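Accompanying notes for the structure given below.
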Amino acid sequence: MDKTWKKMYQLTQSAQNYRQISAHMEAGGVAAAVLSTTGKIYVGVCIDTACTLGICAERNAIFNMITNGENEITRVLAIMPNGKTGAPCGACREFIVQLMEKDYRNIEIMVDYESDKIMKLSELTPEWWL
């Protein structure tokens with residue numbers, strides 16, 4: 001495993017901090033990092049709400065990247081509540097595909113950090129609807 005994946009994992013672990021924000025909101029159950037094409041790592045955590053207006057960690061990390069003036073990613077890593085890594089949900093996959101319509105296929109997703117299993121977004125989302 002290369003040092004960039006390790007750094008993404010460390011930053012994601014540091015960001016993951018489950019907490020109850022209010023009776024109807026919690027955050028940090030899932031944390032994610034995205035690697036931009038410039039080599040910068042952006043992190044985000046999930047924010048879950050009772051009314052479903054929350055956001056996944058992967059999209060939160062991408063929003064952080066966009067807020068900082070970038071709009072292309074090459075890698076995604078997410079740590080689930082059980083401490084394992086996993087693939088983005090369907091909504092996050094769709095968001096990433098729309099973000100990078102022409103270049104999404106080669107984005108690397110860390111599916112299983114322990115076994116160093118990496119998949120391309122094209123394997124997880126083989127036939128995009130557009």
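Residue numbering restarts at 1 for every chain of the structure tokens, chains are lettered A, B, ... in their displayed order, and ligands are numbered from 1 as they appear.
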*Would you please give, as a list of chain:residue names, all residues of region 70-122 of chain A that DSSP assigns to helix (DSSP H, G or I) based on the backbone?*
A:Gly90, A:Ala91, A:Cys92, A:Arg93, A:Glu94, A:Phe95, A:Ile96, A:Val97, A:Gln98, A:Leu99, A:Tyr104, A:Arg105, A:Asn106, A:Leu121, A:Ser122
Please write the residues from the selection above to a file, keeping C-alpha atoms, as a short mmCIF file (atom, residue, chain, number, x, y, z; two decimals), in the first residue's frame.
```cif
data_model
loop_
_atom_site.label_atom_id
_atom_site.label_comp_id
_atom_site.auth_asym_id
_atom_site.auth_seq_id
_atom_site.Cartn_x
_atom_site.Cartn_y
_atom_site.Cartn_z
CA GLY A 90 -25.22 4.86 -4.55
CA ALA A 91 -25.96 8.55 -3.98
CA CYS A 92 -22.27 9.30 -3.47
CA ARG A 93 -21.32 7.28 -6.55
CA GLU A 94 -23.86 9.22 -8.61
CA PHE A 95 -22.55 12.52 -7.21
CA ILE A 96 -18.95 11.60 -8.09
CA VAL A 97 -19.94 10.52 -11.60
CA GLN A 98 -21.75 13.82 -12.18
CA LEU A 99 -18.76 15.71 -10.75
CA TYR A 104 -14.97 9.13 -13.29
CA ARG A 105 -14.11 5.62 -14.48
CA ASN A 106 -10.53 5.64 -13.17
CA LEU A 121 -15.44 3.54 -9.78
CA SER A 122 -16.17 2.05 -13.21
#
```
*asked:* Give me the residues near region 58-71 of chain A as number ranges by chain, where near means some atom within 6 Å (using only C-alpha atoms) and where sequence neighbours in that chain fewer than 2 positions away do not count.
replied: A: 32-33, 42-44, 56
_Asn17 (chain A) surroundings by only C-alpha atoms, 7 Å radius, close-in-sequence under 2 positions cut, as JSON, numbers by chain_ = {"A": [15, 19, 28, 29]}
*So how far away is CA of Cys46 (chain A) from CA of Met25 (chain A), in Å?*
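We find that CA of Met25 (chain A) and CA of Cys46 (chain A) lie 10.5 Å from each other.
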Which residues are near Met119 (chain A)? Cut-off 10 Å, only C-alpha atoms, ignore same chain within fewer than 6 positions. Put them as a compact mmCIF listing (two decimals) with all heavy atoms, in the first residue's frame.
```txt
# COMPACT_ATOMS: atom_id res chain seq x y z
N ARG A 75 -9.05 9.62 -5.82
CA ARG A 75 -9.21 8.53 -4.86
C ARG A 75 -10.27 8.88 -3.82
O ARG A 75 -10.45 10.04 -3.48
CB ARG A 75 -7.91 8.25 -4.11
CG ARG A 75 -6.83 7.63 -4.96
CD ARG A 75 -5.59 7.37 -4.14
NE ARG A 75 -4.62 6.62 -4.93
CZ ARG A 75 -3.44 6.24 -4.48
NH1 ARG A 75 -3.06 6.52 -3.24
NH2 ARG A 75 -2.62 5.56 -5.25
N ALA A 87 -17.14 0.86 0.31
CA ALA A 87 -17.46 1.61 -0.91
C ALA A 87 -18.51 2.68 -0.63
O ALA A 87 -19.35 2.52 0.24
CB ALA A 87 -17.96 0.64 -1.98
N ASN A 106 -11.83 6.03 -13.75
CA ASN A 106 -10.53 5.64 -13.17
C ASN A 106 -10.35 6.08 -11.72
O ASN A 106 -9.27 5.89 -11.16
CB ASN A 106 -9.39 6.16 -14.04
CG ASN A 106 -9.35 5.45 -15.37
OD1 ASN A 106 -9.51 4.23 -15.44
ND2 ASN A 106 -9.17 6.20 -16.43
N ILE A 107 -11.37 6.66 -11.12
CA ILE A 107 -11.25 7.03 -9.71
C ILE A 107 -11.11 5.76 -8.88
O ILE A 107 -11.87 4.80 -9.05
CB ILE A 107 -12.46 7.86 -9.24
CG1 ILE A 107 -12.49 9.20 -9.99
CG2 ILE A 107 -12.44 8.08 -7.73
CD1 ILE A 107 -13.74 10.01 -9.78
N GLU A 108 -10.12 5.74 -8.00
CA GLU A 108 -9.86 4.57 -7.17
C GLU A 108 -10.64 4.67 -5.86
O GLU A 108 -10.66 5.73 -5.23
CB GLU A 108 -8.38 4.46 -6.86
CG GLU A 108 -7.52 4.24 -8.08
CD GLU A 108 -6.04 4.19 -7.75
OE1 GLU A 108 -5.60 4.92 -6.85
OE2 GLU A 108 -5.33 3.41 -8.41
N ILE A 109 -11.24 3.55 -5.48
CA ILE A 109 -12.01 3.46 -4.24
C ILE A 109 -11.35 2.41 -3.35
O ILE A 109 -11.18 1.26 -3.77
CB ILE A 109 -13.47 3.02 -4.50
CG1 ILE A 109 -14.13 3.87 -5.61
CG2 ILE A 109 -14.27 3.01 -3.21
CD1 ILE A 109 -14.35 5.31 -5.27
N MET A 110 -10.98 2.80 -2.14
CA MET A 110 -10.44 1.83 -1.18
C MET A 110 -11.61 1.06 -0.59
O MET A 110 -12.36 1.58 0.23
CB MET A 110 -9.65 2.53 -0.08
CG MET A 110 -9.10 1.60 0.98
SD MET A 110 -8.02 0.28 0.38
CE MET A 110 -6.55 1.18 -0.03
N VAL A 111 -11.78 -0.15 -1.03
CA VAL A 111 -12.91 -0.98 -0.60
C VAL A 111 -12.58 -1.70 0.70
O VAL A 111 -13.43 -1.82 1.58
CB VAL A 111 -13.30 -1.98 -1.71
CG1 VAL A 111 -14.42 -2.90 -1.25
CG2 VAL A 111 -13.72 -1.22 -2.96
N ASP A 112 -11.35 -2.18 0.84
CA ASP A 112 -10.94 -2.90 2.04
C ASP A 112 -9.48 -2.57 2.36
O ASP A 112 -8.57 -3.10 1.73
CB ASP A 112 -11.12 -4.40 1.86
CG ASP A 112 -10.86 -5.21 3.13
OD1 ASP A 112 -10.31 -4.65 4.10
OD2 ASP A 112 -11.20 -6.40 3.14
```
*asked:* Restricting the calculation to only C-alpha atoms: of A:Leu53, A:Val30, A:Cys89, A:Ile41, which residue gets closest to Lys6 (chain A)?
replied: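 Ranked by minimum distance to Lys6 (chain A), first place goes to A:Ile41.
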*asked:* Please list as a PyMOL selection string every residue within 10 Å of Lys84 (chain A), counting only C-alpha atoms and excluding residues in the same chain fewer than 2 positions away.
replied: chain A and resi 30+78-82+86+111-114
_Length of the CA of Met1 (chain A) to CA of Ser14 (chain A) vector [Å]_ =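 So the answer is 19.4 Å.
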